Amino acid sequence: MTRAAVYLPDGYGASEGRAGPGRLGEVELDVLEVGSAQVVMREATVRDERDGALFTGGSGGLVFDPSAGGGPWADAAAERAARAFGVVNTAFHTQRALRYVSGLLGHPLPHLLVRIGMHEQSRPWGGGHYRLPGQGVGADPDATSPAGEVHMGGGAGFVSRPGVDRYFRVPAHNPAIICHEAGHHVCRHTADFRLNRLRSSGRHTNKKTALDEGTSDVITAILLGTPDIYGWHRHAVPVTEQRRRRLGSRWTMAHFQGGPGSDPHADGTVWASACWSARRRVTEAGADPVRFDTLLLLGMELVGRDHPADLSTDALRERRHFSWLLAAMAQADTALAPHVLAAMAEHGIHLGVSNNDLSRAARTGPTRLVDA
């Protein structure tokens with residue numbers, strides 16, 4: 001075990017006066033190896049792809065100052081510290097996410113590679129994405145691991161609040177982005193929404209569905225303990241706007257767009273919000289919320305095992321429907337199913353109905369946004 005400084009998730013996003021994306025604290029990180037710019041663990045390898053050594057094997061372990069994210073106006077020492085902190089912080093949240101999921105599933109997931117400082121040749125990038133080697137929409141020539149990779153930019157822009165020092169918007173410092181991308185790895189190796197297990201190596205698709213994005217968001221909310229998962233870096237976005245992706249705002253199928261021109265992140269917020277309501281309903285019924293987490297993951301694994309023999313259009317279409325995964329979740333824990341189904345119904349999600357039909361039905365009723 002190695003001593004490490006990270007942003008802890010407790011109270012994440014709740015404090016308007018917070019200078020960074022979490023509460024800075026120290027943890028014991030289970031590490032197999034530390035290289036000059038990478039941390040290797042059983043669950044994942046996290047590596048900074050930019051030039052320069054970050055770790056020199058000193059007695060301080062993996063304790064570094066986040067230095068307000070570093071950035072273009074930071075001096076060399078602050079930028080190096082911020083980059084080192086980013087690798088360690090990403091390693092902590094990735095390991096924590098994958099260990100939590102593996103513990104509930106009863107088996108480990110494939111090793112995940114996380115690469116920081118990617119895709120910055122043309123412009124700075126402050127985001128992250130999950131990639132498999134493939135072609136077509138979302139193809140990424142830099143993706144090499146058939147088990148899946150998370151790519152993160154080196155940062156872009158600043159997060160500013162009145163009375164608080166500005167913070168360089170670097171994704172490796174942001175637990176929400178880290179957990180969301182780890183959530184995609186969970187989706188790929190359980191539900192497999194795009195049936196990549198049926199595709200040959202190097203021909204995977206990286207196109208995400210609303211179900212994939214929404215499930216990754218609810219996994220993030222579970223891990224961070226808050227529905228306002230992007231509240232730190234999107235604090236200026238009103239909670240009444242879908243792009244805030246606040247799960248506590250009760251988004252319904254009346255807000256679902258669908259179709260080739262829609263944003264799967266925004267549409268996924270409907271599913272994530274419904275799942276968060278269902279988790280609350282389970283808790284109100286006297287059950288441990290971990291039972292909902294288990295129900296969700298086992299449902300994902302159930303639909304992943306029941307894959308078709310070929311990549312038919314109908315099979316891929318079915319795997320986009322919220323009701324398809326909901327049915328498997330109800331099967332995974334029949335005792336809790338009535339509570340989950342009732343909560344989902346309040347968001348306009350019902351068994352055996354396509355997303356488009358659910359959306360059309362919901363639009364005929366009230367669309368008022370309710371704070372859950």
# chains A, B, ... in the order shown; residues from 1 in each chain; ligands from 1

$ select_by_dssp --residues "region 147-370 of chain A" --states "strand (DSSP E or B)" --output "list of chain:residue names"
A:Glu149, A:Val150, A:His151, A:Met152, A:Phe158, A:Val159, A:Ser160, A:Arg161, A:Val164, A:Asp165, A:Arg166, A:Tyr167, A:Phe168, A:His204, A:Ser249, A:Arg250, A:Val370

$ write_last_selection --atoms "N, CA and C atoms" --output "mmCIF file, in the first residue's frame"
data_model
loop_
_atom_site.group_PDB
_atom_site.id
_atom_site.type_symbol
_atom_site.label_atom_id
_atom_site.label_comp_id
_atom_site.auth_asym_id
_atom_site.auth_seq_id
_atom_site.Cartn_x
_atom_site.Cartn_y
_atom_site.Cartn_z
ATOM 1 N N GLU A 149 -9.970 1.444 -23.313
ATOM 2 C CA GLU A 149 -9.112 2.524 -22.838
ATOM 3 C C GLU A 149 -9.946 3.744 -22.490
ATOM 4 N N VAL A 150 -9.512 4.474 -21.484
ATOM 5 C CA VAL A 150 -10.039 5.803 -21.203
ATOM 6 C C VAL A 150 -8.985 6.804 -21.646
ATOM 7 N N HIS A 151 -9.400 7.754 -22.474
ATOM 8 C CA HIS A 151 -8.520 8.848 -22.888
ATOM 9 C C HIS A 151 -8.991 10.130 -22.220
ATOM 10 N N MET A 152 -8.055 10.870 -21.654
ATOM 11 C CA MET A 152 -8.361 12.158 -21.029
ATOM 12 C C MET A 152 -7.452 13.230 -21.583
ATOM 13 N N PHE A 158 -10.902 27.258 -17.439
ATOM 14 C CA PHE A 158 -10.846 27.336 -15.987
ATOM 15 C C PHE A 158 -12.255 27.291 -15.390
ATOM 16 N N VAL A 159 -12.343 26.732 -14.190
ATOM 17 C CA VAL A 159 -13.570 26.775 -13.406
ATOM 18 C C VAL A 159 -13.425 27.946 -12.438
ATOM 19 N N SER A 160 -14.375 28.878 -12.505
ATOM 20 C CA SER A 160 -14.289 30.077 -11.654
ATOM 21 C C SER A 160 -15.575 30.258 -10.876
ATOM 22 N N ARG A 161 -15.432 30.666 -9.615
ATOM 23 C CA ARG A 161 -16.558 31.004 -8.761
ATOM 24 C C ARG A 161 -16.228 32.259 -7.986
ATOM 25 N N VAL A 164 -13.526 32.459 -5.014
ATOM 26 C CA VAL A 164 -12.741 31.230 -5.024
ATOM 27 C C VAL A 164 -11.692 31.326 -6.130
ATOM 28 N N ASP A 165 -10.474 30.919 -5.840
ATOM 29 C CA ASP A 165 -9.439 30.935 -6.864
ATOM 30 C C ASP A 165 -9.838 30.053 -8.041
ATOM 31 N N ARG A 166 -9.532 30.499 -9.229
ATOM 32 C CA ARG A 166 -9.881 29.710 -10.407
ATOM 33 C C ARG A 166 -9.074 28.413 -10.433
ATOM 34 N N TYR A 167 -9.648 27.421 -11.088
ATOM 35 C CA TYR A 167 -9.045 26.088 -11.130
ATOM 36 C C TYR A 167 -8.986 25.642 -12.583
ATOM 37 N N PHE A 168 -7.813 25.206 -13.027
ATOM 38 C CA PHE A 168 -7.684 24.727 -14.400
ATOM 39 C C PHE A 168 -8.543 23.484 -14.587
ATOM 40 N N HIS A 204 -14.280 -2.723 -33.494
ATOM 41 C CA HIS A 204 -15.299 -2.349 -32.513
ATOM 42 C C HIS A 204 -15.930 -1.010 -32.887
ATOM 43 N N SER A 249 -32.938 16.027 -10.561
ATOM 44 C CA SER A 249 -34.037 16.646 -11.282
ATOM 45 C C SER A 249 -34.769 15.534 -12.029
ATOM 46 N N ARG A 250 -36.048 15.403 -11.787
ATOM 47 C CA ARG A 250 -36.753 14.216 -12.271
ATOM 48 C C ARG A 250 -37.081 14.324 -13.751
ATOM 49 N N VAL A 370 -39.571 17.963 -11.725
ATOM 50 C CA VAL A 370 -39.748 17.837 -10.277
ATOM 51 C C VAL A 370 -38.410 17.549 -9.633
#

$ residues_around --residues "region 82-90 of chain A" --least-positions-apart "3" --cutoff "9 Å" --atoms "only C-alpha atoms" --output "count of residues only"
40

$ closest_residue --among "A:Gly106, A:Gly268, A:Gly20, A:Pro9" --to "Gln242 (chain A)" --atoms "only C-alpha atoms"
A:Gly268

$ residues_around --residues "Asn356 (chain A)" --least-positions-apart "2" --cutoff "12 Å" --atoms "only C-alpha atoms" --output "PyMOL selection string"
chain A and resi 253-259+267+317-318+320-323+348-349+352-354+358-363

$ select_by_dssp --residues "region 30-89 of chain A" --states "helix (DSSP H, G or I)" --output "VMD selection string"
chain A and resid 67 to 69 76 to 89

$ atom_distance --atom1 "CA of Leu311 (chain A)" --atom2 "CA of Gly134 (chain A)"
15.3 Å

$ atom_distance --atom1 "CA of Asn206 (chain A)" --atom2 "CA of Ala139 (chain A)"
6.4 Å

$ residues_around --residues "Asp212 (chain A)" --least-positions-apart "3" --cutoff "8 Å" --atoms "only C-alpha atoms" --output "ChimeraX atom specification"
/A:184,187,193,208-209,215-216,268

$ write_last_selection --atoms "N, CA, C and O atoms" --output "compact mmCIF listing (two decimals), in the first residue's frame"
# COMPACT_ATOMS: atom_id res chain seq x y z
N HIS A 184 -18.24 3.39 -18.35
CA HIS A 184 -18.32 2.85 -19.71
C HIS A 184 -17.61 1.50 -19.81
O HIS A 184 -18.04 0.61 -20.55
N CYS A 187 -19.97 -0.98 -18.48
CA CYS A 187 -21.02 -1.26 -19.48
C CYS A 187 -20.50 -2.18 -20.57
O CYS A 187 -21.20 -3.13 -20.98
N PHE A 193 -23.73 -2.87 -24.72
CA PHE A 193 -24.84 -2.27 -25.45
C PHE A 193 -24.66 -2.28 -26.96
O PHE A 193 -25.64 -2.30 -27.71
N LYS A 208 -21.84 5.54 -28.61
CA LYS A 208 -22.52 5.28 -27.34
C LYS A 208 -24.02 5.55 -27.48
O LYS A 208 -24.44 6.45 -28.20
N THR A 209 -24.81 4.76 -26.77
CA THR A 209 -26.25 4.96 -26.73
C THR A 209 -26.62 5.73 -25.47
O THR A 209 -25.81 5.87 -24.54
N THR A 215 -26.33 5.00 -17.83
CA THR A 215 -25.85 4.03 -16.84
C THR A 215 -24.51 4.46 -16.26
O THR A 215 -24.26 4.33 -15.06
N SER A 216 -23.63 5.00 -17.10
CA SER A 216 -22.34 5.50 -16.61
C SER A 216 -22.54 6.67 -15.66
O SER A 216 -21.80 6.81 -14.67
N GLY A 268 -29.60 10.17 -22.03
CA GLY A 268 -29.22 9.26 -20.97
C GLY A 268 -29.55 9.79 -19.60
O GLY A 268 -29.71 9.01 -18.64

$ atom_distance --atom1 "CA of Arg319 (chain A)" --atom2 "CA of Met344 (chain A)"
17.8 Å

$ residues_around --residues "His189 (chain A)" --least-positions-apart "4" --cutoff "8 Å" --atoms "only C-alpha atoms" --output "PDB file with N, CA, C and O atoms, in the first residue's frame"
ATOM      1  N   LEU A 109     -13.299  -7.299 -13.537  1.00  0.00           N
ATOM      2  CA  LEU A 109     -13.454  -6.903 -14.926  1.00  0.00           C
ATOM      3  C   LEU A 109     -12.084  -6.887 -15.598  1.00  0.00           C
ATOM      4  O   LEU A 109     -11.057  -6.856 -14.917  1.00  0.00           O
ATOM      5  N   PRO A 110     -12.037  -6.920 -16.928  1.00  0.00           N
ATOM      6  CA  PRO A 110     -10.744  -6.850 -17.613  1.00  0.00           C
ATOM      7  C   PRO A 110      -9.968  -5.586 -17.248  1.00  0.00           C
ATOM      8  O   PRO A 110     -10.550  -4.553 -16.906  1.00  0.00           O
ATOM      9  N   HIS A 185     -16.512   1.352 -19.075  1.00  0.00           N
ATOM     10  CA  HIS A 185     -15.804   0.073 -19.062  1.00  0.00           C
ATOM     11  C   HIS A 185     -16.686  -1.009 -18.445  1.00  0.00           C
ATOM     12  O   HIS A 185     -16.732  -2.145 -18.924  1.00  0.00           O
ATOM     13  N   GLY A 304     -26.154  -8.958 -20.912  1.00  0.00           N
ATOM     14  CA  GLY A 304     -24.910  -9.195 -21.627  1.00  0.00           C
ATOM     15  C   GLY A 304     -24.700 -10.649 -21.970  1.00  0.00           C
ATOM     16  O   GLY A 304     -24.137 -10.985 -23.017  1.00  0.00           O
TER      17      GLY A 304
END
